[in-house]
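Listing of model_39.txt, compact mmCIF, C-alpha atoms
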# COMPACT_ATOMS: atom_id res chain seq x y z
CA MET A 1 27.42 26.63 -63.32
CA LYS A 2 27.77 27.90 -59.74
CA GLN A 3 30.83 30.13 -59.38
CA GLN A 4 32.08 30.36 -55.82
CA ILE A 5 34.07 33.34 -54.58
CA CYS A 6 34.23 32.26 -50.94
CA LYS A 7 32.35 29.59 -49.03
CA ASN A 8 28.63 30.33 -49.53
CA ILE A 9 29.42 33.49 -51.53
CA TYR A 10 28.86 33.21 -55.28
CA TRP A 11 29.12 35.30 -58.44
CA VAL A 12 25.67 35.60 -60.06
CA GLY A 13 26.39 38.40 -62.53
CA ALA A 14 26.51 38.56 -66.32
CA LEU A 15 29.16 38.73 -69.03
CA GLU A 16 29.21 41.28 -71.84
CA TRP A 17 31.28 39.91 -74.71
CA SER A 18 30.29 42.00 -77.73
CA LYS A 19 30.23 45.56 -76.42
CA GLU A 20 33.06 47.75 -77.78
CA HIS A 21 32.23 51.01 -76.00
CA PHE A 22 31.04 51.94 -72.53
CA HIS A 23 29.34 55.02 -71.10
CA GLY A 24 27.60 55.46 -74.44
CA HIS A 25 30.46 55.78 -76.91
CA GLU A 26 32.73 57.57 -74.45
CA LEU A 27 35.04 54.71 -73.44
CA SER A 28 36.49 51.95 -75.61
CA ILE A 29 36.67 48.44 -74.16
CA ARG A 30 38.84 45.79 -75.79
CA HIS A 31 38.10 42.72 -73.68
CA GLY A 32 34.37 43.07 -73.09
CA THR A 33 33.23 43.48 -69.51
CA SER A 34 31.22 41.86 -66.76
CA TYR A 35 28.43 43.10 -64.55
CA ASN A 36 29.21 41.55 -61.19
CA SER A 37 26.52 40.63 -58.71
CA TYR A 38 27.24 38.47 -55.68
CA PHE A 39 24.92 36.19 -53.72
CA ILE A 40 25.53 35.40 -50.04
CA ASP A 41 23.82 32.25 -48.83
CA ASP A 42 23.29 32.77 -45.10
CA GLU A 43 20.28 32.91 -42.79
CA LYS A 44 19.43 36.01 -44.77
CA LYS A 45 19.66 35.61 -48.52
CA VAL A 46 21.65 38.61 -49.69
CA LEU A 47 22.43 40.10 -53.09
CA ILE A 48 25.31 42.55 -53.49
CA ASP A 49 24.70 44.78 -56.53
CA LEU A 50 22.80 43.99 -59.72
CA VAL A 51 23.49 44.11 -63.46
CA ARG A 52 22.55 46.16 -66.48
CA VAL A 53 18.90 45.63 -67.37
CA THR A 54 19.88 44.17 -70.75
CA HIS A 55 21.35 41.22 -68.83
CA ALA A 56 18.64 40.84 -66.19
CA ASP A 57 17.66 37.39 -67.50
CA ASP A 58 21.20 36.14 -66.84
CA LEU A 59 21.13 37.59 -63.34
CA ILE A 60 17.80 35.96 -62.52
CA LYS A 61 18.91 32.62 -63.93
CA HIS A 62 22.10 32.66 -61.86
CA ILE A 63 20.34 33.70 -58.64
CA GLU A 64 17.77 30.98 -59.05
CA GLU A 65 20.45 28.31 -59.02
CA PHE A 66 20.35 29.04 -55.28
CA VAL A 67 17.05 30.66 -54.34
CA LYS A 68 13.89 32.05 -55.89
CA ILE A 69 13.86 35.79 -56.43
CA GLU A 70 10.84 35.96 -54.11
CA ASP A 71 12.95 34.48 -51.29
CA LEU A 72 15.74 37.04 -51.37
CA ASP A 73 15.85 39.07 -48.15
CA ILE A 74 18.36 41.87 -48.71
CA LEU A 75 19.78 43.81 -51.65
CA VAL A 76 22.83 46.01 -51.12
CA ILE A 77 23.29 48.65 -53.81
CA ASN A 78 26.85 49.93 -53.55
CA HIS A 79 26.41 52.22 -56.55
CA ALA A 80 23.28 53.03 -58.55
CA GLU A 81 24.74 53.67 -62.01
CA PRO A 82 22.62 51.80 -64.58
CA ASP A 83 25.28 49.19 -65.36
CA HIS A 84 24.98 48.05 -61.72
CA ALA A 85 21.38 48.75 -60.82
CA SER A 86 19.09 49.15 -63.85
CA ALA A 87 17.84 45.56 -63.37
CA LEU A 88 16.26 46.69 -60.09
CA PRO A 89 12.67 46.97 -61.41
CA ARG A 90 12.84 43.38 -62.70
CA ILE A 91 13.82 42.13 -59.25
CA LEU A 92 11.32 44.29 -57.35
CA ALA A 93 8.48 43.22 -59.65
CA ARG A 94 8.85 39.72 -58.21
CA ASN A 95 9.97 40.68 -54.71
CA PRO A 96 8.52 44.05 -53.68
CA LYS A 97 9.33 43.37 -49.99
CA LEU A 98 13.07 43.15 -50.66
CA GLU A 99 15.05 45.26 -48.17
CA ILE A 100 17.38 47.67 -49.97
CA TYR A 101 20.50 49.01 -48.27
CA ALA A 102 22.43 51.91 -49.78
CA SER A 103 24.48 54.97 -48.91
CA ARG A 104 23.16 58.42 -48.11
CA GLY A 105 24.15 59.58 -51.58
CA ALA A 106 22.09 56.81 -53.10
CA GLN A 107 18.88 58.33 -51.80
CA ILE A 108 19.13 60.67 -54.77
CA SER A 109 20.66 58.44 -57.42
CA ILE A 110 18.37 55.44 -56.86
CA LYS A 111 15.21 57.50 -56.80
CA ARG A 112 16.22 59.54 -59.84
CA HIS A 113 16.75 56.35 -61.82
CA HIS A 114 13.93 54.39 -60.15
CA PRO A 115 11.29 56.76 -58.76
CA GLN A 116 9.05 53.79 -57.88
CA VAL A 117 11.45 52.78 -55.09
CA GLU A 118 10.05 54.13 -51.84
CA ASP A 119 11.93 52.49 -48.98
CA ILE A 120 15.74 52.58 -48.83
CA LYS A 121 17.59 51.71 -45.65
CA ILE A 122 20.43 54.22 -45.43
CA VAL A 123 23.80 53.18 -44.02
CA LYS A 124 27.00 55.11 -43.38
CA THR A 125 30.61 54.29 -42.62
CA GLY A 126 30.83 52.04 -39.58
CA ASP A 127 27.25 50.77 -39.77
CA SER A 128 26.73 47.03 -39.93
CA ILE A 129 23.95 44.47 -40.24
CA SER A 130 23.80 40.81 -39.22
CA ILE A 131 22.73 38.33 -41.90
CA GLY A 132 23.19 35.17 -39.79
CA LYS A 133 26.67 33.75 -39.41
CA ARG A 134 27.98 36.81 -41.20
CA THR A 135 28.05 40.54 -40.71
CA LEU A 136 28.08 43.18 -43.42
CA ARG A 137 29.90 46.43 -42.71
CA PHE A 138 29.68 49.56 -44.81
CA PHE A 139 32.13 52.25 -45.88
CA GLU A 140 31.17 55.40 -47.75
CA ALA A 141 33.53 55.79 -50.72
CA GLN A 142 32.13 58.94 -52.30
CA MET A 143 33.47 59.87 -55.74
CA LEU A 144 34.99 56.49 -56.50
CA HIS A 145 33.45 57.45 -58.89
CA TRP A 146 29.94 58.67 -57.97
CA PRO A 147 28.67 60.52 -54.87
CA ASP A 148 26.65 57.42 -53.93
CA THR A 149 29.52 54.91 -54.01
CA MET A 150 30.11 52.72 -50.97
CA PHE A 151 31.97 49.50 -50.13
CA THR A 152 30.49 46.50 -48.36
CA TYR A 153 32.76 44.31 -46.24
CA CYS A 154 32.19 40.87 -44.75
CA PRO A 155 34.68 40.37 -41.87
CA GLU A 156 34.01 36.64 -41.48
CA ASP A 157 35.27 36.01 -45.02
CA LYS A 158 37.51 39.09 -45.21
CA ILE A 159 35.93 39.97 -48.55
CA LEU A 160 35.50 43.54 -49.78
CA PHE A 161 32.78 44.27 -52.33
CA SER A 162 34.33 47.38 -53.83
CA THR A 163 31.87 48.32 -56.60
CA ASP A 164 33.66 50.36 -59.33
CA ALA A 165 36.94 50.67 -57.45
CA PHE A 166 39.66 48.10 -58.27
CA GLY A 167 37.78 46.70 -61.29
CA GLN A 168 38.49 46.22 -64.97
CA HIS A 169 36.45 45.98 -68.13
CA PHE A 170 37.33 42.33 -68.71
CA ALA A 171 34.96 39.53 -69.68
CA SER A 172 36.05 36.02 -68.72
CA PRO A 173 34.48 32.71 -67.67
CA GLU A 174 37.07 32.70 -64.88
CA ARG A 175 36.42 34.74 -61.79
CA PHE A 176 39.87 35.55 -60.42
CA VAL A 177 42.70 37.77 -61.66
CA ASP A 178 45.30 35.05 -61.22
CA GLN A 179 43.45 32.75 -63.67
CA VAL A 180 43.90 34.90 -66.79
CA ASP A 181 46.57 36.54 -68.95
CA GLN A 182 48.21 39.12 -66.73
CA LYS A 183 49.29 41.55 -69.45
CA GLY A 184 45.77 42.07 -70.79
CA LEU A 185 44.26 42.12 -67.32
CA TRP A 186 46.62 44.74 -65.95
CA PHE A 187 46.26 46.91 -69.04
CA GLU A 188 42.50 46.96 -68.46
CA ALA A 189 42.93 47.71 -64.75
CA GLU A 190 45.23 50.61 -65.60
CA LYS A 191 42.94 51.84 -68.38
CA TYR A 192 39.96 51.70 -66.02
CA PHE A 193 41.76 53.97 -63.56
CA ALA A 194 43.18 56.27 -66.24
CA CYS A 195 39.93 56.94 -68.06
CA ILE A 196 37.37 56.77 -65.24
CA LEU A 197 39.02 57.54 -61.92
CA THR A 198 42.02 59.82 -62.57
CA LEU A 199 40.04 63.00 -61.97
CA TYR A 200 39.22 61.79 -58.46
CA SER A 201 42.82 61.01 -57.48
CA ALA A 202 42.87 63.29 -54.43
CA GLN A 203 39.63 61.75 -53.14
CA ILE A 204 40.94 58.24 -53.85
CA LEU A 205 44.02 58.86 -51.71
CA LYS A 206 41.87 60.32 -48.96
CA LYS A 207 39.45 57.40 -48.98
CA ILE A 208 42.15 54.74 -49.10
CA GLU A 209 43.81 56.35 -46.07
CA GLU A 210 40.45 56.53 -44.28
CA PHE A 211 39.68 52.91 -45.13
CA SER A 212 43.11 51.64 -44.04
CA LYS A 213 42.60 53.15 -40.58
CA LEU A 214 39.63 50.83 -40.06
CA GLY A 215 42.01 47.86 -39.99
CA TRP A 216 39.73 45.60 -42.02
CA GLU A 217 41.83 42.68 -43.19
CA ILE A 218 41.23 41.78 -46.84
CA ALA A 219 41.55 38.31 -48.36
CA VAL A 220 39.45 38.98 -51.49
CA ILE A 221 38.44 42.13 -53.35
CA ALA A 222 35.29 41.61 -55.41
CA PRO A 223 34.69 44.56 -57.75
CA ALA A 224 31.61 45.34 -59.84
CA HIS A 225 33.41 44.84 -63.16
CA GLY A 226 35.96 42.24 -64.13
CA LEU A 227 37.75 39.72 -61.97
CA CYS A 228 38.29 39.32 -58.24
CA TRP A 229 41.62 39.77 -56.48
CA ARG A 230 42.54 36.88 -54.14
CA GLU A 231 46.34 36.55 -54.46
CA LYS A 232 47.89 39.54 -52.73
CA PRO A 233 44.75 41.64 -53.10
CA ALA A 234 46.57 44.66 -51.68
CA GLN A 235 48.54 44.87 -54.93
CA ILE A 236 45.70 46.67 -56.70
CA ILE A 237 45.25 49.06 -53.76
CA GLU A 238 48.97 49.84 -53.91
CA LYS A 239 48.66 50.53 -57.63
CA TYR A 240 45.74 52.88 -57.02
CA VAL A 241 47.89 54.83 -54.56
CA GLU A 242 50.72 54.97 -57.11
CA TRP A 243 48.46 56.07 -59.96
CA ALA A 244 46.54 58.58 -57.84
CA THR A 245 49.76 60.08 -56.48
CA GLY A 246 51.03 60.67 -60.01
CA VAL A 247 54.13 58.47 -59.93
CA ASN A 248 55.60 58.74 -63.44
CA HIS A 249 58.12 56.83 -65.50
CA GLU A 250 60.78 58.64 -67.53
CA ALA A 251 58.73 58.31 -70.67
CA ALA A 252 56.82 60.47 -73.14
CA VAL A 253 53.58 60.14 -75.06
CA ILE A 254 53.62 61.91 -78.42
CA VAL A 255 50.27 62.57 -80.09
CA PHE A 256 50.09 64.27 -83.47
CA ASP A 257 47.85 64.77 -86.45
CA THR A 258 49.08 65.73 -89.87
CA ILE A 259 47.63 66.87 -93.18
CA TRP A 260 50.53 66.63 -95.65
CA GLY A 261 53.05 64.79 -93.50
CA GLY A 262 55.01 67.75 -92.12
CA THR A 263 53.79 67.52 -88.54
CA GLU A 264 54.41 63.78 -88.52
CA ALA A 265 57.99 64.38 -89.67
CA MET A 266 58.43 66.82 -86.79
CA ALA A 267 57.00 64.25 -84.35
CA ARG A 268 59.47 61.63 -85.51
CA ALA A 269 62.39 64.04 -85.21
CA ILE A 270 61.40 65.03 -81.66
CA ALA A 271 61.10 61.33 -80.82
CA ASP A 272 64.60 60.72 -82.19
CA GLY A 273 65.90 63.43 -79.86
CA LEU A 274 64.20 61.81 -76.86
CA ALA A 275 65.65 58.44 -77.79
CA ASP A 276 69.14 59.92 -78.13
CA GLU A 277 68.95 60.74 -74.42
CA GLY A 278 67.53 57.39 -73.37
CA ILE A 279 63.87 58.42 -73.00
CA THR A 280 61.34 55.83 -74.11
CA TYR A 281 58.22 57.04 -75.86
CA ARG A 282 54.95 55.97 -77.48
CA MET A 283 53.74 57.81 -80.59
CA PHE A 284 50.15 58.02 -81.79
CA ASN A 285 48.36 59.56 -84.75
CA ALA A 286 45.33 61.28 -83.27
CA GLY A 287 43.32 60.55 -86.39
CA GLY A 288 43.52 56.79 -85.99
CA ALA A 289 44.59 55.94 -82.45
CA ASP A 290 42.25 54.83 -79.69
CA MET A 291 42.20 57.87 -77.41
CA HIS A 292 41.52 55.81 -74.29
CA ASP A 293 44.46 53.53 -74.94
CA VAL A 294 46.56 56.68 -75.33
CA MET A 295 45.30 58.02 -71.99
CA THR A 296 46.35 54.76 -70.38
CA ASP A 297 49.92 55.41 -71.51
CA VAL A 298 49.67 59.03 -70.35
CA LEU A 299 48.79 57.86 -66.82
CA THR A 300 52.31 56.65 -66.06
CA SER A 301 54.40 58.81 -68.44
CA LYS A 302 56.07 62.00 -67.30
CA ALA A 303 55.66 63.94 -70.56
CA VAL A 304 52.88 64.68 -73.03
CA ILE A 305 54.00 66.11 -76.39
CA LEU A 306 51.22 67.26 -78.69
CA GLY A 307 51.38 68.56 -82.25
CA CYS A 308 49.14 69.36 -85.19
CA PRO A 309 48.91 71.77 -88.12
CA THR A 310 47.10 75.06 -87.79
CA LEU A 311 43.70 74.71 -89.42
CA ASN A 312 41.12 77.48 -89.70
CA ASN A 313 43.17 79.63 -87.31
CA GLY A 314 43.11 76.87 -84.70
CA ILE A 315 43.75 73.18 -84.17
CA VAL A 316 42.51 70.17 -86.10
CA PRO A 317 39.32 68.63 -84.61
CA THR A 318 41.00 65.33 -83.73
CA MET A 319 43.47 67.13 -81.46
CA ALA A 320 40.60 68.98 -79.79
CA LEU A 321 39.25 65.62 -78.56
CA TYR A 322 42.55 64.80 -76.88
CA LEU A 323 42.84 68.22 -75.29
CA GLU A 324 39.33 67.99 -73.88
CA GLU A 325 40.00 64.51 -72.48
CA LEU A 326 43.21 65.70 -70.83
CA ARG A 327 41.38 68.71 -69.39
CA GLY A 328 38.71 66.47 -67.91
CA LEU A 329 41.01 63.83 -66.44
CA LYS A 330 43.53 66.25 -64.88
CA PHE A 331 46.53 63.91 -64.75
CA ARG A 332 49.06 64.71 -62.05
CA SER A 333 52.70 65.76 -62.29
CA LYS A 334 52.97 65.94 -66.10
CA ILE A 335 55.10 68.21 -68.27
CA GLY A 336 54.31 69.04 -71.88
CA MET A 337 55.27 70.83 -75.06
CA ALA A 338 53.61 71.67 -78.38
CA PHE A 339 54.68 71.58 -82.01
CA GLY A 340 53.17 71.85 -85.46
CA THR A 341 53.24 73.13 -89.01
CA TYR A 342 51.38 76.14 -90.33
CA GLY A 343 50.76 78.01 -93.55
CA TRP A 344 50.16 81.68 -92.77
CA SER A 345 48.86 82.19 -89.22
CA GLY A 346 50.19 79.47 -86.85
CA GLU A 347 47.83 79.61 -83.87
CA ALA A 348 47.77 75.86 -83.19
CA THR A 349 50.72 75.64 -80.81
CA LYS A 350 49.37 78.48 -78.64
CA ARG A 351 46.01 76.74 -78.48
CA ILE A 352 47.67 73.48 -77.47
CA GLU A 353 49.76 75.16 -74.76
CA ALA A 354 46.74 76.95 -73.32
CA ALA A 355 44.80 73.68 -73.22
CA MET A 356 47.71 71.91 -71.55
CA GLN A 357 47.80 74.53 -68.82
CA GLU A 358 44.05 74.16 -68.29
CA ALA A 359 44.60 70.41 -67.94
CA GLY A 360 47.21 70.96 -65.23
CA ILE A 361 50.12 70.01 -67.48
CA GLU A 362 53.19 72.21 -67.01
CA VAL A 363 54.39 73.61 -70.34
CA ALA A 364 58.08 72.88 -69.86
CA GLY A 365 59.51 73.35 -73.32
CA PRO A 366 59.24 75.96 -76.08
CA ALA A 367 56.74 75.31 -78.83
CA ILE A 368 58.30 74.63 -82.20
CA LYS A 369 56.62 75.64 -85.47
CA CYS A 370 57.58 75.04 -89.08
CA GLN A 371 56.00 76.85 -92.02
CA PHE A 372 54.45 74.55 -94.62
CA ASN A 373 56.96 71.69 -94.69
CA PRO A 374 59.95 71.17 -92.38
CA GLY A 375 63.36 71.11 -94.04
CA ALA A 376 66.57 69.48 -92.85
CA GLU A 377 67.42 72.38 -90.52
CA ASP A 378 63.91 72.37 -89.06
CA LEU A 379 64.06 68.65 -88.35
CA GLU A 380 67.47 68.95 -86.73
CA LYS A 381 66.02 71.68 -84.52
CA CYS A 382 63.17 69.30 -83.59
CA ARG A 383 65.71 66.63 -82.66
CA GLU A 384 67.61 69.12 -80.53
CA ILE A 385 64.39 70.22 -78.83
CA GLY A 386 63.67 66.54 -78.15
CA ARG A 387 67.12 66.09 -76.57
CA GLU A 388 66.65 69.16 -74.39
CA PHE A 389 63.17 68.05 -73.35
CA ALA A 390 64.54 64.62 -72.41
CA HIS A 391 66.61 66.27 -69.68
CA LYS A 392 63.49 67.91 -68.30
CA ILE A 393 61.75 64.53 -68.23
CA LYS A 394 64.70 63.24 -66.20
CA GLY A 395 64.37 66.21 -63.88
CA ASN A 396 67.72 67.72 -64.90
As structure tokens, the full file:
Amino acid sequence: MKQQICKNIYWVGALEWSKEHFHGHELSIRHGTSYNSYFIDDEKKVLIDLVRVTHADDLIKHIEEFVKIEDLDILVINHAEPDHASALPRILARNPKLEIYASRGAQISIKRHHPQVEDIKIVKTGDSISIGKRTLRFFEAQMLHWPDTMFTYCPEDKILFSTDAFGQHFASPERFVDQVDQKGLWFEAEKYFACILTLYSAQILKKIEEFSKLGWEIAVIAPAHGLCWREKPAQIIEKYVEWATGVNHEAAVIVFDTIWGGTEAMARAIADGLADEGITYRMFNAGGADMHDVMTDVLTSKAVILGCPTLNNGIVPTMALYLEELRGLKFRSKIGMAFGTYGWSGEATKRIEAAMQEAGIEVAGPAIKCQFNPGAEDLEKCREIGREFAHKIKGN
């Protein structure tokens, strides 16, 4: 079935329904994903991006609803990561004369992944090509999220092909955001930013400002994963600015692990203290929670509260995963505190605080430790610490 995005512009990508992890096993995906490729039917027959090689047959089938692979004229590669470009050898095997347009950064990434590719036409911000009734303009969007990333814009249709920016891991037979459940869609859009793009927040703000100065009016944003934005497409750009700036809600994310239940009891008491002062929170057991769902909540919460028992003079391994993820993502404008039980040494809270500081999280409350198992006085102290920390979340 032909799926039209704009007049004479069609989605020809592939859907991934069964995959539960992305980037190897690094990122969980709950709603599947799509590999978006777009065909422009003009005097020149143009393809914008490809798909993962595992889905090359779907790509070829969808393209050939319009034109034979041998009759394609131009391929624009906005980003050469394998989920968007590993089908390239399949296409070139049938059409070796295909003109490939890509950014300066893609000279390296394409040839490292596909050393057989010899001729790449390099474009930079402000360059354009005519494809008949339409023009394609290019914008270098480095580090959203690779050095090779660029956007392609068609002014006649006011459509922006934004590659990994503004996308979601979301598989659907529909093609537009407004056609699906909004709660699930927006969670995936937020999770995509939180777990993939947060580290590049400063660059995102810089590039959005640079792009806005071009004055390119946008009617549709067509990303490389998920669904297209056609109703108020600027809403996702505005969200990116908000997320990249580090705008936080008065909320806390509590992550704990526990061996004999003591640290969990402390977590619940701290949470009670937060609630007493009107602070909402989400609580997760590090041993069973989905870390990437947790990071999605961290994105918009002011506080991160982490606790675990001391084990082998350090922290439990599950907490180490969270600390490493926080270090890598470098969320903005967060405050944190540590807590935990211990038997005879008690190093865990110091390790957590040091890791928070490395992640750019301000340690804004004293660590609280309880030996072996917290008693009634210990738990009341945890509640009081929670109440005090709530005021810091509010900025008091």
Taking only residues of segment 7-48 of chain A that have an atom at most 12 Å from an atom of segment 74-82 of chain A, what is each one's shortest atom pair and its distance in Å to one decimal, using all atoms listed in the file, in chain and number order, as a Markdown table?
| residue | atom | partner | partner_atom | distance |
| --- | --- | --- | --- | --- |
| A:Phe22 | CA | A:Pro82 | CA | 11.6 |
| A:His23 | CA | A:Pro82 | CA | 9.9 |
| A:Gly24 | CA | A:Pro82 | CA | 11.6 |
| A:Tyr35 | CA | A:Pro82 | CA | 10.5 |
| A:Asn36 | CA | A:Asn78 | CA | 11.6 |
| A:Ser37 | CA | A:Ile77 | CA | 9.9 |
| A:Tyr38 | CA | A:Val76 | CA | 9.9 |
| A:Phe39 | CA | A:Leu75 | CA | 9.4 |
| A:Ile40 | CA | A:Ile74 | CA | 9.7 |
| A:Asp41 | CA | A:Ile74 | CA | 11.1 |
| A:Asp42 | CA | A:Ile74 | CA | 11.0 |
| A:Glu43 | CA | A:Ile74 | CA | 10.9 |
| A:Lys44 | CA | A:Ile74 | CA | 7.1 |
| A:Lys45 | CA | A:Ile74 | CA | 6.4 |
| A:Val46 | CA | A:Ile74 | CA | 4.7 |
| A:Leu47 | CA | A:Leu75 | CA | 4.8 |
| A:Ile48 | CA | A:Val76 | CA | 4.9 |
Exercise for review: Within 10 Å of segment 101-115 of chain A, counting only C-alpha atoms, which residues show up once you throw out same-chain ones fewer than 2 positions away? Write them as JSON, numbers by chain, please.
Suggested key: {"A": [48, 74, 75, 76, 77, 78, 79, 80, 81, 82, 85, 86, 88, 89, 98, 99, 117, 118, 119, 120, 121, 122, 123, 124, 125, 129, 138, 139, 140, 141, 142, 146, 147, 148, 149, 150, 151, 152]}
**Study point:** Residue nearest Leu214 of chain A - candidates A:Asp272, A:Gly126, A:Ala234, A:His391, atoms counted: only C-alpha atoms
**Key:** A:Gly126
Exercise for review: Tell me which protein, DNA and RNA residues are within 12 Å of Gln179 of chain A, counting only C-alpha atoms, leaving out same-chain ones fewer than 3 positions away, and put them as a VMD selection string.
Suggested key: chain A and resid 172 to 176 182 184 to 185 227 to 231
Practice item. Please indicate the distance in Å from atom CA of Glu250 of chain A to atom CA of Glu353 of chain A, rounded to one decimal place. Key: 21.1 Å
Check your understanding: What's the 10 Å shell around Leu205 of chain A, counting all atoms listed in the file, without same-chain residues fewer than 2 positions away, as an NGL selection string?
Key -> :A and (200-203 or 207-211 or 240-245)
**Study point:** Long-range neighbours of Arg90 of chain A as an MDAnalysis selection string, 10 Å cut-off, only C-alpha atoms, 3 positions minimum in chain
**Key:** chainID A and resid 53 56:57 60 69 86:87 93:95
Revision key, fill the gap. Counting all atoms listed in the file, closest pick from A:Glu264, A:Glu238, A:Asp157, A:Asp164 relative to Val220 of chain A is A:Asp157
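Nearest to Met266 of chain A of all the residues A:Ile305, A:Ile315, A:Val294, A:Ala224 is A:Ile305, counting only C-alpha atoms.
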Review point. Pick from A:Val298, A:Leu50, A:Ala359, A:Ala271: nearest to Leu379 of chain A, with all atoms listed in the file counted?
Key: A:Ala271
Point to revise | Which of A:Leu144, A:Gly262, A:Ala303, A:Leu136 sits closest to Lys158 of chain A [using all atoms listed in the file] | key: A:Leu136
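Pairwise distance (atom CA of Ile385 of chain A, atom CA of Ala194 of chain A) equals 28.3 Å.
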Revision key, fill the gap. Expressed in Å, the length from atom CA of Gly287 of chain A to atom CA of Asp257 of chain A is 6.2 Å
Review point. Got a sec: who's within 7 Å of segment 317-330 of chain A, counting only C-alpha atoms, leaving out chain neighbours fewer than 2 positions off, as a PyMOL selection string?
Key: chain A and resi 198-199+286-287+291+315+332+355+358-360
